[in-house]
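Have a look at the structure below, then the notes.
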Amino acid sequence: MKKIFVYILSLSLIGLFSVTANSAARDTIKIVGSSTVYPFATVVAERFGKTTKFNTPVIESTGSGGGLKLFCKGIGVEHPDITNASRRIKQKEIDNCAAVGISDITEIKIGYDGIVMANSRKGPKFSLTKRQIFLALAPRIPHPNGAEQLIENPNKTWKDVDASLPNIAIEVLGPPPSSGTRDAFAELAMEGGCKTFGWLKAIKKENKKKYKGICRSVREDGPYIEAGENDNLIVSKLNANPEALGVFGYSFLDQNSDTIQGNKVDGILPTFENIAEGKYKVSRPLYFYVKNAHVATIPGMKEYLKEFTSSTAIGQNGYLSDKGLIPMPSAEYKSFVSAAKNLSPLQGL
């Protein structure tokens, strides 16, 4: 009797484990990451769901940094398969992934985007330089008397920054530090303005950490307001306050051009053509990262990669261009098509 009981119990446990394994399986691609890449990925996912036998991927907008944290937590159906990013993955994030066994990651660049400073069409048109943006938003700035010393930023209005600018309070709505857009803004606009001061630029050779602390930091005393990862929220707040400026990707400007306007930076407007031609310098590449270990287990992964990297999607006349994505040059595009097809693992930075 004991043997029969043990045998029956063993069969029951096997059945339980089988049910548990099956219930843990997932048949829908799970994607997290950048709020900037989110609308592009959503268009691809919806098209993918309608034109293939696979489920429409589930996408969560968590910000680039937040997405990479979730992505690097582990391998298995409880973890994301893909993370979108509006900046390139950092070496420390690659190391974090490797520490939990995620050693094979494929990097896919999808195109380019511009970082815009936009405001309501009811508000004034701005024409700013990177130097003026730095002087408006850095916590500490060079002394106005020309001395090579930093002071706490006293500027309250744009006119305080430069007499040629409007006498309007500095109010800039933008993303938090976890956002790739914030990283790009800090590097391209803030640092771009900081290094127009020769003595600040020279600090980079002496102390890179100190240089970044000066040139990429954003003030926390009011003029810069963190508005979360939701760019749509920034757009709505700009419409409520025509004198405020917002920081977000060109694609959101393109999608909301009926109510908001882009402003010149260093004399160049953020247009599709200017970004594509490299004239508008506050621009950055957009990516997504694939967990190669999931490709064989999550249905539709290979097909989703094929759709996203198709010329129909991200080619020169792809459907994502209509949504504001700036296509890559042909040679660069082909290299990432190949990476997607072969699941070429990222070798480190």
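Chain labels run A, B, ... following the order of the structure tokens; each chain numbers its residues from 1, and ligands are numbered from 1 in the order shown.
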Identify, on the basis of only C-alpha atoms, every residue whose closest approach to Phe134 of chain A does not exceed 7 Å; exclude the query and any residue fewer than 2 positions from it along the same chain; express the result as an MDAnalysis selection string. chainID A and resid 130:132 136:138 190 193:194
Near segment 164-173 of chain A, 6 Å: segment 206-281 of chain A residue rows, closest pairs, only C-alpha atoms, as a Markdown table:
```
| residue | atom | partner | partner_atom | distance |
| --- | --- | --- | --- | --- |
| A:Pro223 | CA | A:Glu171 | CA | 4.7 |
| A:Tyr224 | CA | A:Val172 | CA | 4.8 |
| A:Ile225 | CA | A:Leu173 | CA | 4.8 |
| A:Ala227 | CA | A:Leu173 | CA | 5.9 |
| A:Ala244 | CA | A:Glu171 | CA | 5.1 |
| A:Leu245 | CA | A:Val172 | CA | 4.7 |
| A:Gly246 | CA | A:Leu173 | CA | 4.6 |
```
Output C-alpha atoms for every residue in that selection, as a compact mmCIF listing (two decimals), in the first residue's frame.
```txt
# COMPACT_ATOMS: atom_id res chain seq x y z
CA PRO A 223 13.26 76.68 -13.32
CA TYR A 224 13.59 73.05 -14.45
CA ILE A 225 10.54 70.97 -13.56
CA ALA A 227 7.39 66.19 -15.49
CA ALA A 244 6.84 77.47 -20.59
CA LEU A 245 9.26 75.37 -22.65
CA GLY A 246 9.31 71.57 -22.83
```
Find the spatial neighbours of segment 28-30 of chain A, counting only C-alpha atoms, within a cut-off of 10 Å - ignore same-chain residues fewer than 6 positions away - and output them as a VMD selection string. chain A and resid 45 54 to 60 77 to 83 294 to 295 298 to 301 304
Kindly export the residues of the current selection with N, CA and C atoms, as a CSV table (one decimal), in the first residue's frame.
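This is the output file again_0.csv:
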```csv
chain,number,residue,atom,x,y,z
A,45,ALA,N,4.3,47.1,-33.2
A,45,ALA,CA,3.6,46.0,-32.5
A,45,ALA,C,2.2,45.8,-33.0
A,54,PHE,N,0.9,35.9,-34.6
A,54,PHE,CA,1.3,36.1,-33.2
A,54,PHE,C,0.5,37.2,-32.5
A,55,ASN,N,0.6,37.1,-31.2
A,55,ASN,CA,-0.1,38.1,-30.4
A,55,ASN,C,0.6,39.5,-30.5
A,56,THR,N,-0.2,40.5,-30.3
A,56,THR,CA,0.4,41.9,-30.3
A,56,THR,C,1.3,42.0,-29.1
A,57,PRO,N,2.6,42.4,-29.2
A,57,PRO,CA,3.5,42.6,-28.1
A,57,PRO,C,2.9,43.6,-27.1
A,58,VAL,N,3.2,43.3,-25.8
A,58,VAL,CA,2.8,44.2,-24.7
A,58,VAL,C,4.0,45.1,-24.4
A,59,ILE,N,3.7,46.4,-24.5
A,59,ILE,CA,4.8,47.4,-24.3
A,59,ILE,C,4.5,48.3,-23.1
A,60,GLU,N,5.5,48.5,-22.3
A,60,GLU,CA,5.4,49.4,-21.1
A,60,GLU,C,6.4,50.5,-21.2
A,77,VAL,N,10.5,33.9,-18.2
A,77,VAL,CA,9.3,34.5,-18.7
A,77,VAL,C,8.8,35.7,-17.8
A,78,GLU,N,9.3,35.8,-16.6
A,78,GLU,CA,8.8,36.9,-15.7
A,78,GLU,C,9.6,38.1,-16.0
A,79,HIS,N,10.6,38.1,-16.9
A,79,HIS,CA,11.4,39.2,-17.2
A,79,HIS,C,11.2,39.7,-18.7
A,80,PRO,N,11.4,41.0,-19.0
A,80,PRO,CA,11.2,41.5,-20.4
A,80,PRO,C,12.1,40.8,-21.4
A,81,ASP,N,11.6,40.7,-22.6
A,81,ASP,CA,12.3,40.2,-23.7
A,81,ASP,C,13.2,41.2,-24.5
A,82,ILE,N,12.6,42.4,-24.5
A,82,ILE,CA,13.2,43.6,-25.2
A,82,ILE,C,13.1,44.8,-24.4
A,83,THR,N,14.1,45.7,-24.5
A,83,THR,CA,13.9,47.0,-23.9
A,83,THR,C,14.3,48.1,-24.9
A,294,HIS,N,15.9,34.6,-25.0
A,294,HIS,CA,14.4,34.5,-25.0
A,294,HIS,C,13.9,34.2,-26.5
A,295,VAL,N,14.7,34.4,-27.4
A,295,VAL,CA,14.3,34.3,-28.8
A,295,VAL,C,13.7,32.9,-29.2
A,298,ILE,N,10.1,32.5,-26.7
A,298,ILE,CA,8.9,33.4,-26.7
A,298,ILE,C,8.5,33.5,-28.2
A,299,PRO,N,7.3,33.0,-28.5
A,299,PRO,CA,6.8,33.0,-29.9
A,299,PRO,C,6.8,34.4,-30.5
A,300,GLY,N,7.3,34.4,-31.8
A,300,GLY,CA,7.2,35.6,-32.5
A,300,GLY,C,8.4,36.6,-32.4
A,301,MET,N,9.4,36.3,-31.6
A,301,MET,CA,10.5,37.2,-31.4
A,301,MET,C,11.2,37.4,-32.7
A,304,TYR,N,9.1,39.5,-35.1
A,304,TYR,CA,9.0,40.9,-34.6
A,304,TYR,C,10.3,41.7,-35.0
```
Give me, as a PyMOL selection string, all polymer residues having an atom no more than 9 Å from Leu188 of chain A, counting only C-alpha atoms and skipping those fewer than 6 positions away in the same chain. chain A and resi 115+130+281-284
Shell of 7 Å around segment 317-330 of chain A, only C-alpha atoms, local chain residues under 6 positions omitted, as an mmCIF file with N, CA and C atoms, in the first residue's frame:
```
data_model
loop_
_atom_site.group_PDB
_atom_site.id
_atom_site.type_symbol
_atom_site.label_atom_id
_atom_site.label_comp_id
_atom_site.auth_asym_id
_atom_site.auth_seq_id
_atom_site.Cartn_x
_atom_site.Cartn_y
_atom_site.Cartn_z
ATOM 1 N N PHE A 40 6.946 54.504 -31.517
ATOM 2 C CA PHE A 40 7.424 53.780 -32.702
ATOM 3 C C PHE A 40 7.212 52.279 -32.524
ATOM 4 N N GLY A 111 17.066 54.319 -35.776
ATOM 5 C CA GLY A 111 17.082 55.596 -36.475
ATOM 6 C C GLY A 111 17.498 56.701 -35.525
ATOM 7 N N TYR A 112 17.119 57.928 -35.864
ATOM 8 C CA TYR A 112 17.530 59.093 -35.074
ATOM 9 C C TYR A 112 16.330 59.948 -34.681
ATOM 10 N N ASP A 113 16.566 60.761 -33.652
ATOM 11 C CA ASP A 113 15.540 61.660 -33.141
ATOM 12 C C ASP A 113 16.226 62.936 -32.684
ATOM 13 N N TYR A 250 11.786 64.860 -31.011
ATOM 14 C CA TYR A 250 11.185 65.477 -32.198
ATOM 15 C C TYR A 250 9.864 64.815 -32.589
ATOM 16 N N SER A 251 9.773 63.504 -32.400
ATOM 17 C CA SER A 251 8.558 62.789 -32.820
ATOM 18 C C SER A 251 7.320 63.329 -32.118
ATOM 19 N N ASP A 254 6.414 66.531 -33.787
ATOM 20 C CA ASP A 254 5.797 66.222 -35.077
ATOM 21 C C ASP A 254 4.328 65.810 -34.906
ATOM 22 N N GLN A 255 4.065 65.006 -33.879
ATOM 23 C CA GLN A 255 2.706 64.509 -33.649
ATOM 24 C C GLN A 255 1.771 65.568 -33.066
ATOM 25 N N PHE A 272 12.498 67.658 -39.697
ATOM 26 C CA PHE A 272 12.894 66.329 -40.179
ATOM 27 C C PHE A 272 14.146 66.442 -41.047
ATOM 28 N N ALA A 276 17.891 65.000 -40.245
ATOM 29 C CA ALA A 276 18.391 63.970 -41.162
ATOM 30 C C ALA A 276 19.711 64.374 -41.808
ATOM 31 N N SER A 311 12.675 47.425 -44.300
ATOM 32 C CA SER A 311 12.733 48.727 -44.976
ATOM 33 C C SER A 311 11.356 49.378 -44.971
#
```
Write out as a count of residues only the residues lying within 10 Å of Gln347 of chain A, counting only C-alpha atoms and excluding same-chain residues fewer than 4 positions away. 6
Step one, run DSSP on the backbone; step two, keep only residues of segment 72-265 of chain A assigned to alpha helix (DSSP H); then write them as JSON, numbers by chain. {"A": [91, 92, 93, 94, 95, 96, 97, 98, 99, 130, 131, 132, 133, 134, 135, 136, 137, 158, 159, 160, 161, 180, 181, 182, 183, 184, 185, 191, 192, 193, 194, 198, 199, 200, 201, 202, 203, 204, 205, 206, 208, 209, 210, 211, 212, 213, 214, 215, 231, 232, 233, 234, 235, 236, 237, 238, 239, 240, 250, 251, 252, 253, 254, 255]}
How would you write, as an MDAnalysis selection string, the set of residues in segment 69-206 of chain A that DSSP gives as strand (DSSP E or B)? chainID A and resid 82:85 105:120 127:128 140:142 150:152 157 169 172:174
For the residues in the current selection, export C-alpha atoms as an mmCIF file, in the first residue's frame.
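Just written: out-v5.cif:
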```cif
data_model
loop_
_atom_site.group_PDB
_atom_site.id
_atom_site.type_symbol
_atom_site.label_atom_id
_atom_site.label_comp_id
_atom_site.auth_asym_id
_atom_site.auth_seq_id
_atom_site.Cartn_x
_atom_site.Cartn_y
_atom_site.Cartn_z
ATOM 1 C CA ILE A 82 13.211 43.550 -25.246
ATOM 2 C CA THR A 83 13.927 47.013 -23.868
ATOM 3 C CA ASN A 84 13.689 50.246 -25.863
ATOM 4 C CA ALA A 85 16.266 52.978 -25.256
ATOM 5 C CA ILE A 105 22.309 40.914 -26.010
ATOM 6 C CA THR A 106 21.680 42.162 -29.530
ATOM 7 C CA GLU A 107 21.742 45.918 -30.077
ATOM 8 C CA ILE A 108 19.447 47.314 -32.768
ATOM 9 C CA LYS A 109 19.550 50.969 -33.788
ATOM 10 C CA ILE A 110 16.270 52.044 -35.406
ATOM 11 C CA GLY A 111 17.082 55.596 -36.475
ATOM 12 C CA TYR A 112 17.530 59.093 -35.074
ATOM 13 C CA ASP A 113 15.540 61.660 -33.141
ATOM 14 C CA GLY A 114 16.083 65.296 -32.199
ATOM 15 C CA ILE A 115 15.848 66.757 -28.699
ATOM 16 C CA VAL A 116 13.601 69.789 -29.021
ATOM 17 C CA MET A 117 12.790 72.763 -26.863
ATOM 18 C CA ALA A 118 9.189 73.458 -27.743
ATOM 19 C CA ASN A 119 6.376 75.619 -26.478
ATOM 20 C CA SER A 120 2.744 76.390 -27.215
ATOM 21 C CA SER A 127 15.879 81.210 -30.640
ATOM 22 C CA LEU A 128 18.366 79.850 -28.127
ATOM 23 C CA ARG A 140 26.281 76.755 -11.118
ATOM 24 C CA ILE A 141 27.463 79.034 -13.901
ATOM 25 C CA PRO A 142 30.538 81.181 -14.644
ATOM 26 C CA LEU A 150 31.439 79.368 -10.583
ATOM 27 C CA ILE A 151 28.501 80.948 -8.773
ATOM 28 C CA GLU A 152 25.050 79.660 -7.848
ATOM 29 C CA THR A 157 14.139 85.054 -16.416
ATOM 30 C CA ALA A 169 10.393 83.458 -16.172
ATOM 31 C CA VAL A 172 11.366 74.275 -18.566
ATOM 32 C CA LEU A 173 9.396 71.038 -18.270
ATOM 33 C CA GLY A 174 11.430 67.926 -18.899
#
```
